[in-house]
Amino acid sequence: MDISKNSLYNFGVVSLLFSGVLYICIWSPPNTNPLLLFQESACLRSTSFTHTTDLVIDDLEAVLQKASMPNKTVIIAVVNKAYVEQTVEADTTMLDIFLESFWLGEGTIQLLDHLLIVAVDQTAYDRCMFKRLHCYRLVTDGVDVAREKVYMSRDFIKMMWRRTQFLLDVLKRGYNFIFTDTDVIWLRNPFTRLSKKETVDLQMSVDTYNGDPRSQDNLINTGFYFVRSNNKTISLFTTWYGMKDNSTGKKDQDVLLELMTQGLFKKLRLRVRFLPTLYFSGFCENSKDIWSVTTVHSNCCRHVDAKVQDLKAVLRDWKRFKEAKVKNPRMAPNRTMVTRWSKHIACFNSWKPPNNNLRN
């Protein structure tokens, strides 16, 4: 009986003390609290811990977590002002065409939830936020990032190397990614055509396809590729970016091609798959099967305005095809249908020297 009374008494004392501390921490006003120092050291301990945890997650990690698929895979595209802002003569932008393809494509709309737009200037970032996408602001020192980067210009090369450095950072954080240039339009979900084997480290598009997905004689194009995060791919990107200062006048794609031909892929034991242009098409080599084409890249083209004009034509071709399928549901999806893509006239003309009026 005495033991029960003592237990009840001890429980009452402990409860009273706990209530007092709870009152001091929560309800007691700071200016009248006689144990203010105790309150700051004991009651705010959990707040300090939360802040410490938050510091570990930087802006990039936060946006990667939001955009990531459950298997830590994201889709990454890089844009600048020239790709998001209309000129006086234009009626659309490269970014708008890129996003429109997700709307018009088959099985692509849901992929926008996993698209991360990397903006290299404030205008591009503001436009990305306006469209309510996943956005990250990437700082590039020493480059006028807002203006169009003409193919193989000095600023173009600098921006490409900064992109490679950023993607290396993403890999080091444990994220797999599809990197896509914004001048690649998505007509179907590319994950249905990519190998699902986790042993395949890198899957990359090509300008021209020689028929062998393992042949390193394929002419690679870094405008679209899928890479898994592991020690081998991190080593590849580290070596690749490390060549930046010893590759004057070469873009990152040229250097990667050289590293491949010199045997780096084999040395790292990378398992690489080169993507057929039948599915991953481009202006260098058009797909001949509209039933199968997945992406279309405006490669072999020099200026943004030219890319916009010819990609708009591709989307018109795609809409005609979709309309024909609706009107004729008996069209056989399992047979090859020769695609009559519109000619890439603007891109062809982009390589011509400008007409300068000579003075008499």
# chains A, B, ... in the order shown; residues from 1 in each chain; ligands from 1

call {"tool": "residues_around", "arguments": {"residues": "A:Lys244", "least_positions_apart": "6", "cutoff": "10 Å", "atoms": "only C-alpha atoms", "output": "VMD selection string"}}
result
chain A and resid 157 to 158 161 to 162 164 to 165 250 to 252 255

call {"tool": "write_last_selection", "arguments": {"atoms": "C-alpha atoms", "output": "JSON list (two decimals), in the first residue's frame"}}
result
[["chain", "number", "residue", "atom", "x", "y", "z"],
["A", 157, "ILE", "CA", 31.88, 26.30, -76.25],
["A", 158, "LYS", "CA", 32.15, 27.81, -72.75],
["A", 161, "TRP", "CA", 31.54, 22.95, -70.81],
["A", 162, "ARG", "CA", 29.62, 24.57, -67.97],
["A", 164, "THR", "CA", 29.06, 19.22, -68.56],
["A", 165, "GLN", "CA", 30.29, 20.38, -65.15],
["A", 250, "LYS", "CA", 36.63, 22.14, -79.37],
["A", 251, "LYS", "CA", 33.16, 21.70, -77.96],
["A", 252, "ASP", "CA", 32.48, 19.11, -75.30],
["A", 255, "VAL", "CA", 36.22, 15.87, -76.83]]

call {"tool": "closest_atom_pairs", "arguments": {"of": "stretch 152-197 of chain A", "to": "stretch 277-280 of chain A", "cutoff": "12 Å", "atoms": "only C-alpha atoms", "output": "tab-separated table"}}
result
residue	atom	partner	partner_atom	distance
A:Thr180	CA	A:Phe280	CA	11.5
A:Val184	CA	A:Phe280	CA	9.5
A:Ile185	CA	A:Phe280	CA	10.1
A:Trp186	CA	A:Phe280	CA	9.4
A:Leu187	CA	A:Phe280	CA	10.0
A:Arg188	CA	A:Tyr279	CA	9.4
A:Asn189	CA	A:Tyr279	CA	10.7
A:Pro190	CA	A:Phe280	CA	8.4
A:Phe191	CA	A:Tyr279	CA	11.4
A:Thr192	CA	A:Tyr279	CA	10.5
A:Arg193	CA	A:Tyr279	CA	7.6
A:Leu194	CA	A:Tyr279	CA	10.0

call {"tool": "write_last_selection", "arguments": {"atoms": "N, CA, C and O atoms", "output": "tab-separated table (two decimals), in the first residue's frame"}}
result
chain	number	residue	atom	x	y	z
A	180	THR	N	18.46	16.45	-72.48
A	180	THR	CA	17.89	16.76	-73.78
A	180	THR	C	18.12	18.22	-74.12
A	180	THR	O	17.86	19.10	-73.29
A	184	VAL	N	15.11	19.48	-79.15
A	184	VAL	CA	14.68	18.10	-79.37
A	184	VAL	C	13.20	18.04	-79.00
A	184	VAL	O	12.83	18.32	-77.86
A	185	ILE	N	12.35	17.70	-79.95
A	185	ILE	CA	10.92	17.58	-79.62
A	185	ILE	C	10.58	16.12	-79.35
A	185	ILE	O	11.09	15.21	-80.00
A	186	TRP	N	9.74	15.92	-78.35
A	186	TRP	CA	9.40	14.60	-77.84
A	186	TRP	C	8.03	14.19	-78.38
A	186	TRP	O	7.00	14.73	-77.95
A	187	LEU	N	7.99	13.25	-79.31
A	187	LEU	CA	6.73	12.80	-79.91
A	187	LEU	C	6.18	11.56	-79.22
A	187	LEU	O	4.98	11.29	-79.31
A	188	ARG	N	7.05	10.81	-78.57
A	188	ARG	CA	6.63	9.65	-77.77
A	188	ARG	C	7.53	9.55	-76.54
A	188	ARG	O	8.58	10.17	-76.47
A	189	ASN	N	7.10	8.76	-75.59
A	189	ASN	CA	7.86	8.56	-74.36
A	189	ASN	C	9.14	7.80	-74.67
A	189	ASN	O	9.10	6.62	-75.05
A	190	PRO	N	10.31	8.41	-74.53
A	190	PRO	CA	11.57	7.74	-74.90
A	190	PRO	C	11.94	6.58	-73.99
A	190	PRO	O	12.71	5.70	-74.40
A	191	PHE	N	11.39	6.55	-72.78
A	191	PHE	CA	11.74	5.46	-71.87
A	191	PHE	C	11.26	4.11	-72.41
A	191	PHE	O	11.79	3.07	-72.02
A	192	THR	N	10.27	4.11	-73.31
A	192	THR	CA	9.81	2.86	-73.89
A	192	THR	C	10.80	2.31	-74.91
A	192	THR	O	10.75	1.14	-75.27
A	193	ARG	N	11.72	3.15	-75.40
A	193	ARG	CA	12.72	2.72	-76.38
A	193	ARG	C	14.11	2.59	-75.78
A	193	ARG	O	15.02	2.07	-76.42
A	194	LEU	N	14.30	3.08	-74.56
A	194	LEU	CA	15.59	2.96	-73.90
A	194	LEU	C	15.69	1.62	-73.18
A	194	LEU	O	14.68	1.09	-72.71

call {"tool": "closest_residue", "arguments": {"among": "A:Leu219, A:Val308, A:Leu259, A:Val206", "to": "A:Gly282", "atoms": "only C-alpha atoms"}}
result
A:Val206

call {"tool": "residues_around", "arguments": {"residues": "A:Ile97", "least_positions_apart": "4", "cutoff": "8 Å", "atoms": "only C-alpha atoms", "output": "number ranges by chain"}}
result
A: 92-93, 101, 185, 308, 311-312

call {"tool": "closest_residue", "arguments": {"among": "A:Phe166, A:Trp291, A:Tyr175, A:Phe321", "to": "A:Val120", "atoms": "only C-alpha atoms"}}
result
A:Phe166

call {"tool": "closest_residue", "arguments": {"among": "A:Val118, A:Met204, A:Val293, A:Leu270", "to": "A:Tyr136", "atoms": "only C-alpha atoms"}}
result
A:Val118

call {"tool": "residues_around", "arguments": {"residues": "A:Ile220", "least_positions_apart": "5", "cutoff": "12 Å", "atoms": "only C-alpha atoms", "output": "JSON, numbers by chain"}}
result
{"A": [202, 203, 204, 205, 206, 207, 208, 209, 210, 213, 214, 215, 225, 252, 253, 254, 255, 256, 257, 258, 259, 260, 261, 272, 273, 274, 275, 276, 277, 284, 299]}

call {"tool": "closest_residue", "arguments": {"among": "A:Asp217, A:Phe177, A:Asp245, A:Ala324", "to": "A:Asn230", "atoms": "only C-alpha atoms"}}
result
A:Phe177

call {"tool": "atom_distance", "arguments": {"atom1": "atom CA of A:Lys197", "atom2": "atom CA of A:Val227"}}
result
11.8 Å

call {"tool": "closest_residue", "arguments": {"among": "A:Ser350, A:Ser342, A:Gln65, A:Thr233", "to": "A:Arg271", "atoms": "only C-alpha atoms"}}
result
A:Thr233

call {"tool": "atom_distance", "arguments": {"atom1": "atom CA of A:His344", "atom2": "atom CA of A:Ala313"}}
result
8.3 Å

call {"tool": "decode", "arguments": {"residues": "stretch 269-289 of chain A", "atoms": "N, CA, C and O atoms", "output": "compact mmCIF listing (two decimals), in the first residue's frame"}}
result
# COMPACT_ATOMS: atom_id res chain seq x y z
N ARG A 269 35.21 0.26 -68.71
CA ARG A 269 34.27 -0.85 -68.83
C ARG A 269 32.82 -0.35 -68.88
O ARG A 269 31.91 -0.96 -68.32
N LEU A 270 32.65 0.74 -69.57
CA LEU A 270 31.32 1.31 -69.74
C LEU A 270 30.52 0.47 -70.72
O LEU A 270 31.03 0.08 -71.78
N ARG A 271 29.28 0.22 -70.39
CA ARG A 271 28.37 -0.42 -71.32
C ARG A 271 27.54 0.69 -71.98
O ARG A 271 26.74 1.34 -71.32
N VAL A 272 27.78 0.89 -73.27
CA VAL A 272 27.20 2.02 -73.99
C VAL A 272 26.31 1.49 -75.11
O VAL A 272 26.66 0.51 -75.80
N ARG A 273 25.18 2.16 -75.29
CA ARG A 273 24.26 1.81 -76.38
C ARG A 273 24.00 3.07 -77.20
O ARG A 273 23.65 4.11 -76.66
N PHE A 274 24.20 2.96 -78.51
CA PHE A 274 23.95 4.09 -79.40
C PHE A 274 22.55 3.95 -80.00
O PHE A 274 22.16 2.86 -80.45
N LEU A 275 21.81 5.03 -79.99
CA LEU A 275 20.37 4.99 -80.27
C LEU A 275 20.09 5.13 -81.76
O LEU A 275 20.55 6.08 -82.40
N PRO A 276 19.30 4.23 -82.34
CA PRO A 276 19.00 4.27 -83.78
C PRO A 276 18.22 5.54 -84.14
O PRO A 276 17.31 5.96 -83.41
N THR A 277 18.54 6.12 -85.28
CA THR A 277 17.82 7.31 -85.75
C THR A 277 16.42 6.96 -86.22
O THR A 277 15.61 7.87 -86.46
N LEU A 278 16.10 5.69 -86.36
CA LEU A 278 14.72 5.29 -86.64
C LEU A 278 13.80 5.76 -85.53
O LEU A 278 12.66 6.18 -85.77
N TYR A 279 14.30 5.72 -84.28
CA TYR A 279 13.52 6.13 -83.11
C TYR A 279 13.93 7.53 -82.62
O TYR A 279 13.09 8.35 -82.29
N PHE A 280 15.23 7.76 -82.57
CA PHE A 280 15.75 9.03 -82.05
C PHE A 280 16.32 9.79 -83.25
O PHE A 280 17.51 9.76 -83.52
N SER A 281 15.42 10.50 -83.91
CA SER A 281 15.71 11.07 -85.22
C SER A 281 16.30 12.46 -85.11
O SER A 281 16.37 13.05 -84.02
N GLY A 282 16.75 12.98 -86.25
CA GLY A 282 17.27 14.34 -86.30
C GLY A 282 17.33 14.82 -87.72
O GLY A 282 17.12 14.06 -88.68
N PHE A 283 17.61 16.10 -87.88
CA PHE A 283 17.67 16.68 -89.22
C PHE A 283 18.87 16.13 -90.02
O PHE A 283 18.87 16.17 -91.23
N CYS A 284 19.90 15.63 -89.32
CA CYS A 284 21.03 15.02 -90.03
C CYS A 284 20.60 13.73 -90.73
O CYS A 284 21.08 13.43 -91.83
N GLU A 285 19.71 12.98 -90.06
CA GLU A 285 19.25 11.71 -90.62
C GLU A 285 17.82 11.47 -90.12
O GLU A 285 17.60 11.03 -89.00
N ASN A 286 16.84 11.77 -90.99
CA ASN A 286 15.44 11.67 -90.61
C ASN A 286 15.01 10.21 -90.40
O ASN A 286 15.46 9.31 -91.12
N SER A 287 14.12 10.00 -89.42
CA SER A 287 13.48 8.70 -89.27
C SER A 287 12.54 8.47 -90.45
O SER A 287 11.88 9.39 -90.92
N LYS A 288 12.46 7.22 -90.91
CA LYS A 288 11.58 6.88 -92.02
C LYS A 288 10.32 6.17 -91.56
O LYS A 288 9.55 5.67 -92.39
N ASP A 289 10.11 6.13 -90.24
CA ASP A 289 8.93 5.43 -89.72
C ASP A 289 8.24 6.30 -88.67
O ASP A 289 8.66 6.35 -87.52
